[in-house]
Amino acid sequence: MEPSLPFPSACLSHWHRGTRSFPHLNANYNAKVPTTTKHAIIGSGISGALTAFSLIENGTNPTDILILEAREAVSGASGRNAGHIRPDAFRGFPHYASLHGPEQAIKILQNEKRVLEQTRAFITTHDINSDFVDTTTFDVCMTPESIAEQESALAAYKDAGGDVSQVRIWEGEEARFRTRVRSALRAYEWPAASNNPAKLVQWILSDVVGKGAGLWTHCPVDEVVRVRGRGGGGWEVHTSRGTVVAETVVHCTNAYAGLLVPGLGGMLRPRRSQAQTFVPGGFVGGEALGKTMALRYGGGHFFSVNPLKDGMVVIGGTGTRDGGDVGTEEWKAEASFDDRGFNTVLAENSRREFEGIWEVERHGEGFDYAWTGILGITRDSVPVVGAVDGLEGQWVCAGFNGHGMAIAFTCALGLAKLVSGERWEETGLPECFKARVNSE
């Protein structure tokens, strides 16, 4: 599929609907861009905002940073996910090992654990009001097939030397009691968190803008070209409201990065994902769920469940209760940048799943809202972080494969170190994350 800019009329997510008063939502909506900047960061999601924050922490003058966003602030995947910070404790190990070897696979999962720890510390240190809930999560096995898959993955991870000390296993009646899922057969539990992603990123943007960084919204970038005929090099960043010359350009646009980064188009593709909010009837008040979970049916069929601080429940995922069709063929065709609406079949699947767990007895309970986000999927299931070969001064942090809130935090911090002149080894990131894209 041809790379694209974001659709200008995207639907609002649950998080967007509750943060319409963010003062920088439409920052510099009509203003022309500055003529020059040192660092042009394209994208105002978690990776772009945190890269700016970290650059400032590393000594960059805030006035040397310009963040360019094609739509409203935090309008992309960071503001459209299901609100989890849910590290993979072991389940993805066989897949990562098959692509990158067991050593790198262990590092990938260790990195996700660090993301939770560092995000928790960041929110606590800065006293950020992002509805963060420090909790645990369950992988709930709903079928014998899902039990077999989890057993195999856990055994492979342990045999390779992976740390599973934080994973607890609950069987049968104990699994049903702890998860409160009536048809659970087994449950695996480990540390995780729930968080309002829009509020978190908006705090970071407010901080960097307050220190002097620039934020231009509704200002899509359609081309980045090398400056000709000037000493010192640099890049012309062409936007809908003028051209800014930058020493460095940092691409933090996830699924959209292939439009501006030559060579990424063939290894990064968009995929639509969907989430829904529900109002529970049962499990409310003092009985409200406080733990996130994934309901696993096997073969890639699952539902993610995230109970929020206000009692609402977010459900995402790809499956149905009986492991059947996940939706229309058009929607499963996947490659799309269209986040303007939602798929009614997927919403109905989630409604049936919800009503199989929670009671719905009166008006106002049950299905509330659905929205779509665009994932950035890479061929090798890991992000692309670092310098773009052959385009000195251009950097990329993208391709989070639908797991951005458990990956992007350390990637952005690592990228800021690289832009500041530090070596890859100082990022602490798995070597397989290192950018493998050039200008050809």
# chains A, B, ... in the order shown; residues from 1 in each chain; ligands from 1
>>> residues_around(residues="Glu145 (chain A)", least_positions_apart="5", cutoff="8 Å", atoms="only C-alpha atoms", output="PyMOL selection string")
chain A and resi 297-299
>>> select_by_dssp(residues="region 36-228 of chain A", states="strand (DSSP E)", output="short mmCIF file (atom, residue, chain, number, x, y, z; two decimals) with N, CA and C atoms, in the first residue's frame")
data_model
loop_
_atom_site.label_atom_id
_atom_site.label_comp_id
_atom_site.auth_asym_id
_atom_site.auth_seq_id
_atom_site.Cartn_x
_atom_site.Cartn_y
_atom_site.Cartn_z
N THR A 36 13.57 28.47 10.49
CA THR A 36 14.66 27.56 10.85
C THR A 36 14.41 26.97 12.23
N THR A 37 15.00 25.82 12.46
CA THR A 37 15.03 25.19 13.77
C THR A 37 16.20 24.22 13.80
N LYS A 38 16.64 23.86 14.96
CA LYS A 38 17.71 22.86 15.05
C LYS A 38 17.14 21.45 14.90
N HIS A 39 16.08 21.16 15.66
CA HIS A 39 15.47 19.83 15.64
C HIS A 39 14.00 19.94 15.24
N ALA A 40 13.64 19.36 14.12
CA ALA A 40 12.24 19.25 13.71
C ALA A 40 11.77 17.83 14.02
N ILE A 41 10.81 17.72 14.93
CA ILE A 41 10.25 16.42 15.29
C ILE A 41 8.87 16.31 14.66
N ILE A 42 8.69 15.30 13.83
CA ILE A 42 7.42 15.12 13.13
C ILE A 42 6.60 14.08 13.89
N ILE A 65 13.74 23.29 19.42
CA ILE A 65 12.91 22.13 19.09
C ILE A 65 11.57 22.60 18.52
N LEU A 66 11.18 22.02 17.40
CA LEU A 66 9.89 22.30 16.77
C LEU A 66 9.18 20.97 16.52
N ILE A 67 7.99 20.81 17.09
CA ILE A 67 7.18 19.60 16.89
C ILE A 67 6.09 19.93 15.88
N LEU A 68 6.01 19.11 14.84
CA LEU A 68 5.04 19.30 13.77
C LEU A 68 4.04 18.15 13.78
N HIS A 84 -3.64 0.35 27.90
CA HIS A 84 -2.80 -0.59 28.65
C HIS A 84 -1.35 -0.12 28.67
N ILE A 85 -0.65 -0.42 29.75
CA ILE A 85 0.82 -0.52 29.73
C ILE A 85 1.07 -1.94 30.20
N VAL A 133 -3.05 3.56 36.92
CA VAL A 133 -3.38 2.54 37.92
C VAL A 133 -2.30 1.47 37.87
N ASP A 134 -1.54 1.36 38.95
CA ASP A 134 -0.48 0.36 39.05
C ASP A 134 -1.12 -0.94 39.52
N THR A 135 -1.14 -1.95 38.67
CA THR A 135 -1.92 -3.14 38.96
C THR A 135 -1.23 -4.38 38.41
N THR A 136 -1.98 -5.42 38.21
CA THR A 136 -1.48 -6.61 37.51
C THR A 136 -2.43 -6.91 36.35
N THR A 137 -1.99 -7.79 35.50
CA THR A 137 -2.80 -8.19 34.36
C THR A 137 -2.89 -9.71 34.31
N PHE A 138 -3.95 -10.20 33.69
CA PHE A 138 -4.14 -11.63 33.49
C PHE A 138 -4.12 -11.97 32.00
N ASP A 139 -3.48 -13.07 31.65
CA ASP A 139 -3.78 -13.76 30.40
C ASP A 139 -4.71 -14.90 30.78
N VAL A 140 -5.96 -14.80 30.36
CA VAL A 140 -6.99 -15.75 30.76
C VAL A 140 -7.19 -16.77 29.65
N CYS A 141 -6.91 -18.01 29.94
CA CYS A 141 -7.07 -19.08 28.95
C CYS A 141 -8.53 -19.53 28.94
N ARG A 168 2.51 -15.49 37.97
CA ARG A 168 1.79 -16.42 38.82
C ARG A 168 0.74 -17.13 37.98
N ILE A 169 0.50 -18.40 38.29
CA ILE A 169 -0.42 -19.22 37.50
C ILE A 169 -1.57 -19.66 38.40
N TRP A 170 -2.79 -19.45 37.92
CA TRP A 170 -3.99 -19.83 38.66
C TRP A 170 -4.80 -20.83 37.83
N GLU A 171 -5.25 -21.89 38.45
CA GLU A 171 -5.96 -22.96 37.75
C GLU A 171 -7.44 -22.98 38.13
N ARG A 186 -7.69 -21.25 33.00
CA ARG A 186 -6.41 -20.97 33.65
C ARG A 186 -6.11 -19.49 33.47
N ALA A 187 -5.30 -18.93 34.37
CA ALA A 187 -4.91 -17.53 34.23
C ALA A 187 -3.46 -17.35 34.63
N TYR A 188 -2.74 -16.56 33.86
CA TYR A 188 -1.37 -16.16 34.16
C TYR A 188 -1.41 -14.68 34.56
N GLU A 189 -0.74 -14.32 35.64
CA GLU A 189 -0.81 -12.96 36.17
C GLU A 189 0.60 -12.38 36.36
N TRP A 190 0.76 -11.09 36.01
CA TRP A 190 2.04 -10.41 36.20
C TRP A 190 1.79 -8.89 36.26
N PRO A 191 2.78 -8.09 36.66
CA PRO A 191 2.60 -6.65 36.83
C PRO A 191 2.28 -5.94 35.51
N ALA A 192 1.42 -4.94 35.60
CA ALA A 192 1.03 -4.13 34.44
C ALA A 192 0.40 -2.84 34.97
N ALA A 193 -0.13 -2.03 34.07
CA ALA A 193 -0.77 -0.78 34.49
C ALA A 193 -1.83 -0.39 33.48
N SER A 194 -2.72 0.48 33.93
CA SER A 194 -3.71 1.13 33.08
C SER A 194 -3.44 2.63 33.12
N GLY A 214 8.50 24.63 20.30
CA GLY A 214 7.38 24.99 19.45
C GLY A 214 6.52 23.78 19.12
N LEU A 215 5.21 23.97 19.04
CA LEU A 215 4.27 22.93 18.63
C LEU A 215 3.34 23.51 17.58
N TRP A 216 3.39 22.95 16.40
CA TRP A 216 2.51 23.37 15.30
C TRP A 216 1.58 22.21 14.96
N VAL A 221 3.47 17.45 7.17
CA VAL A 221 4.72 17.52 6.42
C VAL A 221 4.59 16.60 5.21
N ASP A 222 4.79 17.16 4.01
CA ASP A 222 4.63 16.33 2.82
C ASP A 222 5.94 16.01 2.11
N GLU A 223 7.04 16.64 2.56
CA GLU A 223 8.32 16.36 1.91
C GLU A 223 9.46 16.85 2.80
N VAL A 224 10.56 16.09 2.79
CA VAL A 224 11.79 16.50 3.45
C VAL A 224 12.91 16.34 2.43
N VAL A 225 13.58 17.45 2.09
CA VAL A 225 14.60 17.41 1.05
C VAL A 225 15.87 18.09 1.56
N ARG A 226 16.99 17.65 1.04
CA ARG A 226 18.28 18.19 1.46
C ARG A 226 18.43 19.64 1.00
#
>>> closest_residue(among="A:Phe433, A:Phe354, A:Phe342, A:Phe53", to="Asp380 (chain A)", atoms="only C-alpha atoms")
A:Phe433
>>> select_by_dssp(residues="region 133-335 of chain A", states="helix (DSSP H, G or I)", output="ChimeraX atom specification")
/A:144-159,172-179,197-211,254-259,285-287,329-332
>>> write_last_selection(atoms="C-alpha atoms", output="PDB file, in the first residue's frame")
ATOM      1  CA  PRO A 144      -7.559 -25.918  25.864  1.00  0.00           C
ATOM      2  CA  GLU A 145      -5.851 -24.559  22.730  1.00  0.00           C
ATOM      3  CA  SER A 146      -4.949 -21.327  24.495  1.00  0.00           C
ATOM      4  CA  ILE A 147      -3.605 -23.284  27.485  1.00  0.00           C
ATOM      5  CA  ALA A 148      -1.331 -25.281  25.179  1.00  0.00           C
ATOM      6  CA  GLU A 149      -0.061 -22.109  23.513  1.00  0.00           C
ATOM      7  CA  GLN A 150       0.708 -20.436  26.834  1.00  0.00           C
ATOM      8  CA  GLU A 151       2.398 -23.524  28.293  1.00  0.00           C
ATOM      9  CA  SER A 152       4.641 -23.849  25.256  1.00  0.00           C
ATOM     10  CA  ALA A 153       5.630 -20.170  25.275  1.00  0.00           C
ATOM     11  CA  LEU A 154       6.332 -20.110  29.017  1.00  0.00           C
ATOM     12  CA  ALA A 155       8.443 -23.285  28.851  1.00  0.00           C
ATOM     13  CA  ALA A 156      10.459 -21.957  25.905  1.00  0.00           C
ATOM     14  CA  TYR A 157      11.125 -18.664  27.677  1.00  0.00           C
ATOM     15  CA  LYS A 158      12.207 -20.388  30.908  1.00  0.00           C
ATOM     16  CA  ASP A 159      14.451 -22.852  29.039  1.00  0.00           C
ATOM     17  CA  GLY A 172      -9.639 -23.748  37.402  1.00  0.00           C
ATOM     18  CA  GLU A 173     -11.830 -22.372  40.172  1.00  0.00           C
ATOM     19  CA  GLU A 174      -9.027 -20.174  41.513  1.00  0.00           C
ATOM     20  CA  ALA A 175      -8.581 -18.648  38.043  1.00  0.00           C
ATOM     21  CA  ARG A 176     -12.303 -17.944  37.820  1.00  0.00           C
ATOM     22  CA  PHE A 177     -12.371 -16.400  41.288  1.00  0.00           C
ATOM     23  CA  ARG A 178      -9.399 -14.120  40.724  1.00  0.00           C
ATOM     24  CA  THR A 179     -10.296 -12.981  37.201  1.00  0.00           C
ATOM     25  CA  PRO A 197      -2.483   7.860  27.111  1.00  0.00           C
ATOM     26  CA  ALA A 198      -3.795  11.213  25.891  1.00  0.00           C
ATOM     27  CA  LYS A 199      -3.438  12.802  29.332  1.00  0.00           C
ATOM     28  CA  LEU A 200       0.110  11.449  29.696  1.00  0.00           C
ATOM     29  CA  VAL A 201       1.297  12.760  26.322  1.00  0.00           C
ATOM     30  CA  GLN A 202      -0.531  16.057  26.757  1.00  0.00           C
ATOM     31  CA  TRP A 203       1.337  16.604  30.036  1.00  0.00           C
ATOM     32  CA  ILE A 204       4.656  16.002  28.264  1.00  0.00           C
ATOM     33  CA  LEU A 205       3.718  18.388  25.450  1.00  0.00           C
ATOM     34  CA  SER A 206       2.636  21.044  27.962  1.00  0.00           C
ATOM     35  CA  ASP A 207       5.951  20.690  29.742  1.00  0.00           C
ATOM     36  CA  VAL A 208       8.139  21.061  26.647  1.00  0.00           C
ATOM     37  CA  VAL A 209       6.026  23.897  25.216  1.00  0.00           C
ATOM     38  CA  GLY A 210       6.140  25.634  28.596  1.00  0.00           C
ATOM     39  CA  LYS A 211       9.937  25.455  28.467  1.00  0.00           C
ATOM     40  CA  ASN A 254       4.729   5.341  13.416  1.00  0.00           C
ATOM     41  CA  ALA A 255       2.602   3.872  10.584  1.00  0.00           C
ATOM     42  CA  TYR A 256       2.947   7.044   8.513  1.00  0.00           C
ATOM     43  CA  ALA A 257       6.756   7.185   8.580  1.00  0.00           C
ATOM     44  CA  GLY A 258       7.100   5.484   5.194  1.00  0.00           C
ATOM     45  CA  LEU A 259       5.798   8.588   3.430  1.00  0.00           C
ATOM     46  CA  GLY A 285     -18.484   0.310  43.179  1.00  0.00           C
ATOM     47  CA  GLY A 286     -16.382  -1.608  45.665  1.00  0.00           C
ATOM     48  CA  GLU A 287     -16.611  -4.665  43.422  1.00  0.00           C
ATOM     49  CA  GLU A 329     -13.018  -9.415   4.897  1.00  0.00           C
ATOM     50  CA  GLU A 330     -12.629  -5.772   3.949  1.00  0.00           C
ATOM     51  CA  TRP A 331     -11.692  -4.865   7.511  1.00  0.00           C
ATOM     52  CA  LYS A 332      -9.322  -7.817   7.820  1.00  0.00           C
TER      53      LYS A 332
END
>>> closest_residue(among="A:Met267, A:Val437, A:Leu415, A:Ala275", to="Met1 (chain A)", atoms="only C-alpha atoms")
A:Met267
>>> residues_around(residues="Gln104 (chain A)", least_positions_apart="5", cutoff="9 Å", atoms="only C-alpha atoms", output="short mmCIF file (atom, residue, chain, number, x, y, z; two decimals) with C-alpha atoms, in the first residue's frame")
data_model
loop_
_atom_site.label_atom_id
_atom_site.label_comp_id
_atom_site.auth_asym_id
_atom_site.auth_seq_id
_atom_site.Cartn_x
_atom_site.Cartn_y
_atom_site.Cartn_z
CA TYR A 96 10.59 -13.10 18.53
CA ALA A 97 13.10 -15.94 18.89
CA LEU A 109 10.69 -8.82 26.76
CA PRO A 430 17.76 -4.52 22.04
CA GLU A 431 20.13 -4.51 19.08
CA CYS A 432 17.35 -5.72 16.77
#
>>> closest_residue(among="A:Pro280, A:Gly212, A:Gly59, A:Gly266", to="Val314 (chain A)", atoms="only C-alpha atoms")
A:Pro280
